[in-house]
Structure formats: C-alpha cells, structure tokens
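The file entry_33.tsv contains TSV, C-alpha atoms:
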chain	number	residue	atom	x	y	z
Y	132	ASN	CA	124.49	141.75	119.89
Y	133	TRP	CA	126.44	144.18	122.09
Y	134	ASP	CA	124.74	147.10	120.30
Y	135	LYS	CA	121.35	145.92	121.62
Y	136	PHE	CA	122.48	145.70	125.26
Y	137	ASN	CA	121.44	148.08	128.01
Y	138	ASN	CA	124.02	149.02	130.66
Y	139	GLY	CA	121.98	151.41	132.80
Y	140	GLY	CA	122.87	149.47	135.94
Y	141	SER	CA	126.61	149.57	135.33
Y	142	GLY	CA	128.88	151.26	137.87
Y	143	SER	CA	130.79	153.15	135.17
Y	144	PHE	CA	130.34	154.80	131.81
Y	145	GLN	CA	132.61	155.42	128.85
Y	146	VAL	CA	132.94	158.00	126.11
Y	147	GLY	CA	135.10	157.44	123.05
Y	148	THR	CA	136.04	154.29	121.18
Y	149	SER	CA	136.09	150.94	122.93
Y	150	THR	CA	139.46	149.39	123.73
Y	151	SER	CA	137.98	145.89	123.93
Y	152	SER	CA	135.73	145.78	120.85
Y	153	ASN	CA	136.65	146.30	117.22
Y	154	ASN	CA	136.49	150.08	116.88
Y	155	ALA	CA	133.13	150.19	118.69
Y	156	LYS	CA	132.01	153.72	119.55
Y	157	THR	CA	130.91	154.41	123.13
Y	158	ARG	CA	128.39	157.04	124.20
Y	159	THR	CA	126.63	157.90	127.45
Y	160	TYR	CA	123.14	159.35	127.85
Y	161	PHE	CA	122.10	161.61	130.72
Y	162	LYS	CA	118.76	162.96	131.90
Y	163	SER	CA	118.04	165.06	135.00
Y	164	ILE	CA	114.63	165.74	136.49
Y	165	LEU	CA	114.25	169.42	137.41
Y	166	ASP	CA	111.10	169.10	139.53
Y	167	SER	CA	112.94	170.10	142.71
Y	168	ILE	CA	113.47	173.65	141.38
Y	169	PRO	CA	110.57	175.85	142.58
Y	170	ASP	CA	108.24	177.32	139.96
Y	171	ASN	CA	109.11	180.75	138.53
Y	172	SER	CA	112.72	180.58	139.71
Y	173	THR	CA	115.53	182.31	137.83
Y	174	ILE	CA	118.29	179.97	136.64
Y	175	LEU	CA	121.69	181.62	137.14
Y	176	ASP	CA	124.06	178.80	136.25
Y	177	ALA	CA	124.05	175.08	135.52
Y	178	SER	CA	127.09	172.87	135.11
Y	179	LEU	CA	127.58	169.15	134.63
Y	180	GLN	CA	130.27	167.85	136.99
Y	181	ILE	CA	132.14	164.80	135.66
Y	182	TYR	CA	135.18	163.10	137.16
Y	183	PHE	CA	137.04	160.99	134.61
Y	184	TYR	CA	139.10	158.65	136.76
Y	185	SER	CA	141.15	157.60	133.72
Y	186	SER	CA	141.45	157.57	129.98
Y	187	HIS	CA	143.24	154.75	128.23
Y	188	ASP	CA	143.90	153.13	124.87
Y	189	GLY	CA	143.90	149.57	126.20
Y	190	SER	CA	147.45	149.60	127.50
Y	191	ILE	CA	148.56	153.13	128.41
Y	192	TYR	CA	146.54	155.29	130.79
Y	193	ASN	CA	145.68	158.97	130.43
Y	194	VAL	CA	146.80	159.31	126.82
Y	195	CYS	CA	143.46	160.04	125.12
Y	196	ASP	CA	143.38	163.32	123.24
Y	197	PHE	CA	140.04	164.22	121.69
Y	198	MET	CA	137.16	166.61	122.27
Y	199	ILE	CA	133.87	165.47	123.80
Y	200	SER	CA	130.52	166.98	122.87
Y	201	VAL	CA	127.32	167.15	124.88
Y	202	ASN	CA	124.42	167.07	122.37
Y	203	ARG	CA	120.79	167.73	123.21
Y	204	VAL	CA	118.31	164.93	122.54
Y	205	ILE	CA	115.50	166.64	120.62
Y	206	SER	CA	112.99	163.80	120.70
Y	207	GLY	CA	112.66	160.25	122.00
Y	208	ASN	CA	111.55	159.63	125.57
Y	209	TRP	CA	114.19	157.04	126.50
Y	210	THR	CA	114.85	155.58	129.95
Y	211	GLU	CA	118.14	154.64	131.58
Y	212	GLY	CA	117.27	151.03	132.34
Y	213	THR	CA	118.85	148.99	135.12
Y	214	LYS	CA	120.54	146.19	133.19
Y	215	VAL	CA	124.22	145.33	132.79
Y	216	GLY	CA	125.04	143.83	129.41
Y	217	ALA	CA	121.50	142.53	128.87
Y	218	LEU	CA	119.12	142.94	125.94
Y	219	ALA	CA	117.42	146.34	126.02
Y	220	VAL	CA	113.70	146.74	125.49
Y	221	TRP	CA	112.62	150.19	124.26
Y	222	PRO	CA	112.45	152.73	125.83
Y	223	GLU	CA	115.60	151.40	127.60
Y	224	ILE	CA	118.57	153.03	125.93
Y	225	SER	CA	121.08	151.04	123.88
Y	226	TRP	CA	123.18	151.75	120.81
Y	227	PHE	CA	120.57	150.05	118.64
Y	228	ASN	CA	117.69	151.95	120.24
Y	229	GLN	CA	119.29	155.30	119.36
Y	230	GLN	CA	117.39	154.98	116.06
Y	231	PHE	CA	114.28	156.09	117.95
Y	232	LEU	CA	115.96	159.35	119.06
Y	233	THR	CA	116.72	162.62	117.29
Y	234	LEU	CA	119.99	164.27	118.31
Y	235	SER	CA	120.81	167.92	117.73
Y	236	THR	CA	124.00	168.64	115.79
Y	237	THR	CA	123.99	172.35	116.64
Y	238	GLU	CA	122.63	172.54	120.20
Y	239	LYS	CA	125.70	171.14	121.88
Y	240	VAL	CA	128.62	172.01	124.15
Y	241	VAL	CA	132.11	170.84	123.19
Y	242	PHE	CA	134.85	170.55	125.82
Y	243	ASP	CA	138.41	169.28	126.14
Y	244	PRO	CA	138.26	166.57	128.86
Y	245	THR	CA	140.95	166.18	131.49
Y	246	PRO	CA	141.36	162.88	133.36
Y	247	VAL	CA	141.84	162.52	137.13
Y	248	VAL	CA	140.24	165.90	137.89
Y	249	TYR	CA	136.70	167.27	137.96
Y	250	ASN	CA	135.42	168.53	134.62
Y	251	TYR	CA	132.74	171.22	134.72
Y	252	ILE	CA	130.66	171.64	131.55
Y	253	ASN	CA	128.44	174.68	131.35
Y	254	ILE	CA	124.95	173.63	130.20
Y	255	THR	CA	123.02	176.62	131.50
Y	256	GLU	CA	121.22	177.07	128.17
Y	257	PHE	CA	120.03	173.45	128.26
Y	258	VAL	CA	118.68	173.65	131.81
Y	259	GLN	CA	117.10	177.08	131.27
Y	260	ASN	CA	115.20	175.94	128.18
Y	261	TRP	CA	114.10	172.68	129.82
Y	262	TYR	CA	112.95	174.50	132.93
Y	263	ASP	CA	111.08	177.16	130.93
Y	264	GLY	CA	109.38	174.50	128.81
Y	265	ILE	CA	110.94	175.78	125.59
Y	266	TRP	CA	112.57	172.37	125.02
Y	267	ASP	CA	111.21	168.98	125.98
Y	268	ASN	CA	113.59	167.43	128.49
Y	269	TYR	CA	114.89	164.30	126.79
Y	270	GLY	CA	118.37	164.83	128.23
Y	271	PHE	CA	121.59	164.78	126.28
Y	272	VAL	CA	124.22	162.42	124.97
Y	273	MET	CA	127.92	162.67	125.73
Y	274	LYS	CA	130.05	161.41	122.84
Y	275	ARG	CA	133.27	161.92	120.99
Y	276	ASP	CA	132.82	165.14	119.01
Y	277	VAL	CA	134.32	163.67	115.83
Y	278	GLU	CA	133.57	159.97	115.75
Y	279	GLY	CA	135.02	157.43	113.35
Y	280	ALA	CA	138.75	157.82	113.95
Y	281	ASN	CA	140.41	154.42	114.20
Y	282	ILE	CA	141.83	155.11	117.64
Y	283	HIS	CA	140.87	152.91	120.59
Y	284	CYS	CA	140.61	155.33	123.47
Y	285	ASN	CA	138.01	155.87	126.19
Y	286	TYR	CA	137.38	158.36	128.95
Y	287	ASN	CA	135.99	156.51	131.98
Y	288	SER	CA	133.88	157.71	134.90
Y	289	VAL	CA	131.84	156.13	137.68
Y	290	SER	CA	128.06	156.31	137.43
Y	291	LYS	CA	125.50	156.93	140.17
Y	292	GLU	CA	125.21	153.12	140.60
Y	293	TYR	CA	128.88	152.78	141.56
Y	294	ILE	CA	129.46	151.33	145.03
Y	295	ASN	CA	132.70	151.86	146.91
Y	296	PRO	CA	133.34	151.91	150.71
Y	297	ASP	CA	135.65	154.89	150.20
Y	298	PRO	CA	133.43	158.01	150.64
Y	299	VAL	CA	135.67	159.96	148.26
Y	300	TRP	CA	134.24	158.00	145.35
Y	301	GLU	CA	130.73	159.13	146.27
Y	302	THR	CA	131.79	162.69	145.43
Y	303	ARG	CA	133.11	161.52	142.04
Y	304	LYS	CA	129.72	160.49	140.73
Y	305	PRO	CA	128.30	162.77	138.01
Y	306	LYS	CA	126.28	165.73	139.24
Y	307	LEU	CA	124.20	168.51	137.76
Y	308	ASN	CA	124.88	171.66	139.77
Y	309	VAL	CA	122.18	174.31	139.33
Y	310	THR	CA	122.27	177.77	140.88
Y	311	TYR	CA	118.85	179.42	140.92
Y	312	VAL	CA	116.95	182.17	142.71
Y	313	PRO	CA	113.37	181.44	143.87
Y	314	GLU	CA	110.73	183.94	142.75
Y	315	GLU	CA	110.39	185.55	146.18
Y	316	CYS	CA	114.13	186.22	146.31
Y	317	VAL	CA	114.72	187.51	142.77
Y	318	ASN	CA	115.44	191.05	143.95
Y	319	GLU	CA	117.54	190.01	146.93
Y	320	PRO	CA	121.36	189.68	146.72
Y	321	VAL	CA	122.46	186.06	146.46
Y	322	CYS	CA	125.75	184.22	146.07
Y	323	GLY	CA	126.06	183.38	142.39
Y	324	ASP	CA	124.43	186.53	140.96
Y	325	ASN	CA	127.79	187.77	139.62
Y	326	VAL	CA	127.73	190.75	141.99
Y	327	THR	CA	130.01	190.94	145.03
Y	328	ASN	CA	127.59	191.77	147.83
Y	329	ASP	CA	128.12	192.44	151.54
Y	330	GLY	CA	129.76	189.46	153.24
Y	331	GLU	CA	131.15	188.13	149.95
Y	332	GLN	CA	134.82	188.25	148.99
Y	333	CYS	CA	134.04	187.43	145.36
Y	334	ASP	CA	131.16	186.41	143.10
Y	335	ASP	CA	132.00	185.06	139.65
Y	336	GLY	CA	128.48	183.88	138.86
Y	337	ASN	CA	129.20	180.15	138.80
Y	338	ASN	CA	129.40	177.18	141.17
Y	339	ILE	CA	132.89	176.03	140.18
Y	340	SER	CA	135.23	175.76	143.16
Y	341	ILE	CA	138.61	175.54	141.39
Y	342	ASP	CA	138.69	179.02	139.82
Y	343	GLY	CA	139.76	180.98	142.92
Y	344	CYS	CA	136.24	181.69	144.16
Y	345	SER	CA	134.17	179.11	146.03
Y	346	THR	CA	130.76	179.91	147.57
Y	347	CYS	CA	131.63	183.60	147.17
Y	348	GLN	CA	134.80	183.36	149.28
Y	349	LEU	CA	138.37	183.47	147.98
Y	350	THR	CA	140.00	180.06	148.10
Y	351	TYR	CA	143.20	179.62	150.07
Y	352	CYS	CA	145.89	177.07	150.79
Y	353	GLY	CA	144.47	174.51	153.23
Y	354	ASP	CA	140.79	174.78	152.24
Y	355	GLY	CA	140.79	171.29	150.71
Y	356	ILE	CA	140.37	172.57	147.14
Y	357	LEU	CA	143.40	171.75	144.98
Y	358	GLN	CA	144.00	174.28	142.19
Y	359	SER	CA	146.90	175.77	140.28
Y	360	LEU	CA	146.21	179.30	141.54
Y	361	ASN	CA	143.93	179.89	144.52
Y	362	GLY	CA	142.01	183.04	145.40
Y	363	ASN	CA	145.15	184.53	146.92
Y	364	ASN	CA	147.10	183.95	143.68
Y	365	GLN	CA	149.12	181.15	145.27
Y	366	THR	CA	150.26	178.03	143.47
Y	367	GLU	CA	149.19	174.80	145.22
Write out the structure in this file as structure tokens.
Amino acid sequence: NWDKFNNGGSGSFQVGTSTSSNNAKTRTYFKSILDSIPDNSTILDASLQIYFYSSHDGSIYNVCDFMISVNRVISGNWTEGTKVGALAVWPEISWFNQQFLTLSTTEKVVFDPTPVVYNYINITEFVQNWYDGIWDNYGFVMKRDVEGANIHCNYNSVSKEYINPDPVWETRKPKLNVTYVPEECVNEPVCGDNVTNDGEQCDDGNNISIDGCSTCQLTYCGDGILQSLNGNNQTE
C-alpha cells in the first residue's frame, strides 16, 4: 500500500526511481501561497531554489544522470498533509491520489539537476500566471522527465520539515525566490529590473547569486559565494 501513503511530514523528498522499492517512481509536489505579494505588483523573476544533497542508485552516490521536469498541476486542489508513511485521505497527496489531479504535459520546465549544489529553476511564467489569476494555483510536480527507465536512481533533498542543529541545513530547504516591484514603485529603478542603475555594479535581472552578480554587486573572492567564475572573472 505504499502508493496510498502520504509523506507530507517527512524531512526529505525524492525525485526519480526508488532504490529501495521495485522500480517505484518517486515524485514531489510543491505549492506556494503568493498572498504576501502586494496587489498590482510587477513580477520580474521567480526561481525555485533546490539543494540536492545527494543522488544515488542504492550503492554509489552522485551517479544519477537524468533530466527533471517541473510540470504545472492544472486541476485538483490537493494538500501536502503531515503524515510520514501513513494512509493518505484525499485531498492529502499520495501516488494513488494523483488520479484526482490533471498534470500539464506542455506547461513545464525541464532542467539538468546537479547534486551537492543549489539548483535554480526559472518558473517566472508559472508565478506570473498564478499571481495574475490566469491559472489556478494548484502548484506543480517535480518528476523524472522521462519515467519508466529501469534504473534505480534518486535525487534527494531536505524538505521544510527537516530539523538539524546545523544552521547551514536551514538554508538548504527549498525556497521560491520572487523578485517583484510594488505598484507604487513600478517607475522607480530597482535591483532586478535588468538595468544597471546608480549604485549598482551589475543587474542581470535575476536573483541567482552564483552567476557573477549578486544583489546587483559583482561577486568577489571572499564573499562567501562559491562559484567557478566570480564577478571579477576569477576562478574560485
């Protein structure tokens, strides 16, 4: 009955094919409430921040090699639930309860995951359409883009329920980063508008810190942001 279990209270989530069950597929559902964004704001950028602390095939770590897709849930007002390996009652999400949902096969973002670093997935279109009311916000599902291959391999990440005394792990929980401009500031320069304004060294229009530009300042060696090339074109 594993397919009828809810694991919303688990401290981790998986995407891929289970290494402990017989070729069982693993998916993770996400939903973010956007009520904290003021009315009539302009969405500039939205990215899902995921830290996969490992990928493994049951014996060897960080060997998974497959694409992950983020697919919009078109209909089905599911809830996360708070259980761990316990029978789900709709609308709590479970593999079995997916039958009550409709997933989009075209409205999706596909990315090549990398373990042991932050992965940033651009879902600006999703957030913009949810915020504008064009789409109902039923969240999205993260799954292996091409499912069915007989390869036991999972990407693993901590969830928001994960508890660890090390504060570093708090930063590794999934986040939805949204850059927006409130209505009263639409015509004012702002970091993230893709224009380098006074006081800014750069502005690439996103909130990713590992691309040489972080909060509109060039990154540098010693700023605590590890990247292959920083804003001064130095290898770290």
Selected residue of minimal separation from Y:Gly336 among Y:Asn285, Y:Thr233, Y:Thr255, Y:Thr213, counting only C-alpha atoms
Y:Thr255
Fewer than 5 positions away in the same chain doesn't count, so skip those; otherwise give me all residues within 12 Å of Y:Gly142, counting only C-alpha atoms, as a short mmCIF file (atom, residue, chain, number, x, y, z; two decimals) with C-alpha atoms, in the coordinates of the input.
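Generated output (selection29.cif):
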data_model
loop_
_atom_site.label_atom_id
_atom_site.label_comp_id
_atom_site.auth_asym_id
_atom_site.auth_seq_id
_atom_site.Cartn_x
_atom_site.Cartn_y
_atom_site.Cartn_z
CA THR Y 213 118.85 148.99 135.12
CA LYS Y 214 120.54 146.19 133.19
CA VAL Y 215 124.22 145.33 132.79
CA GLY Y 216 125.04 143.83 129.41
CA ASN Y 287 135.99 156.51 131.98
CA SER Y 288 133.88 157.71 134.90
CA VAL Y 289 131.84 156.13 137.68
CA SER Y 290 128.06 156.31 137.43
CA LYS Y 291 125.50 156.93 140.17
CA GLU Y 292 125.21 153.12 140.60
CA TYR Y 293 128.88 152.78 141.56
CA ILE Y 294 129.46 151.33 145.03
CA ASN Y 295 132.70 151.86 146.91
CA TRP Y 300 134.24 158.00 145.35
CA GLU Y 301 130.73 159.13 146.27
CA ARG Y 303 133.11 161.52 142.04
CA LYS Y 304 129.72 160.49 140.73
CA PRO Y 305 128.30 162.77 138.01
#
Which of these, Y:Val277, Y:Ile254, Y:Ala219, Y:Leu357, has the shortest distance to Y:Lys156 once you count all atoms listed in the file?
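The closest residue to Y:Lys156 is Y:Val277.
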Hey, which of Y:Leu179, Y:Cys347, Y:Cys352, Y:Val201 ends up closest to Y:Asn328? Count only C-alpha atoms.
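Nearest to Y:Asn328: Y:Cys347.
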Have a look at Y:Tyr182, Y:Asn171, Y:Pro320, Y:Ser163 and name the one nearest to Y:Asp263; count only C-alpha atoms.
Y:Asn171
Separation of atom CA of Y:Thr366 and atom CA of Y:Ser186, in Å?
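Rounded to one decimal, the two atoms are 26.0 Å apart.
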Nearest to Y:Asn338: which of Y:Asn138, Y:Thr310, Y:Thr210, Y:Asn325 is it, counting only C-alpha atoms?
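Among the listed residues, Y:Thr310 lies closest to Y:Asn338.
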Y:Lys306, Y:Lys274, Y:His187, Y:Lys135: which is nearest Y:Asn202, counting only C-alpha atoms?
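Answer, going by the shortest atom-to-atom distance: Y:Lys274.
Taking atom CA of Y:Tyr262 as the reference point, atom CA of Y:Leu165 is found at 6.9 Å.
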Let me know the centre plus edge lengths, in Å and rounded to one decimal, of a box with edges along x, y and z that contains all listed atoms of stretch 286-302 of chain Y and is padded by 8 Å on every side, as lines of an AutoDock Vina configuration file.
center_x = 131.3
center_y = 157.0
center_z = 139.8
size_x = 28.2
size_y = 27.4
size_z = 37.8
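One distance worth recording is that between atom CA of Y:Thr173 and atom CA of Y:Gln332, which is 23.1 Å.
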Contacts of Y:Thr159 within 8 Å, all atoms listed in the file, excl. fewer than 5 positions in-chain, as a PyMOL selection string:
chain Y and resi 144-146+272-274
For those residues, write C-alpha atoms to a file as an mmCIF file, in the coordinates of the input.
data_model
loop_
_atom_site.group_PDB
_atom_site.id
_atom_site.type_symbol
_atom_site.label_atom_id
_atom_site.label_comp_id
_atom_site.auth_asym_id
_atom_site.auth_seq_id
_atom_site.Cartn_x
_atom_site.Cartn_y
_atom_site.Cartn_z
ATOM 1 C CA PHE Y 144 130.340 154.800 131.810
ATOM 2 C CA GLN Y 145 132.610 155.420 128.850
ATOM 3 C CA VAL Y 146 132.940 158.000 126.110
ATOM 4 C CA VAL Y 272 124.220 162.420 124.970
ATOM 5 C CA MET Y 273 127.920 162.670 125.730
ATOM 6 C CA LYS Y 274 130.050 161.410 122.840
#
Write out as a PyMOL selection string each polymer residue whose atoms come within 10 Å of Y:Asn364, counting only C-alpha atoms; drop sequence neighbours fewer than 5 positions from it.
chain Y and resi 343+349-352+359
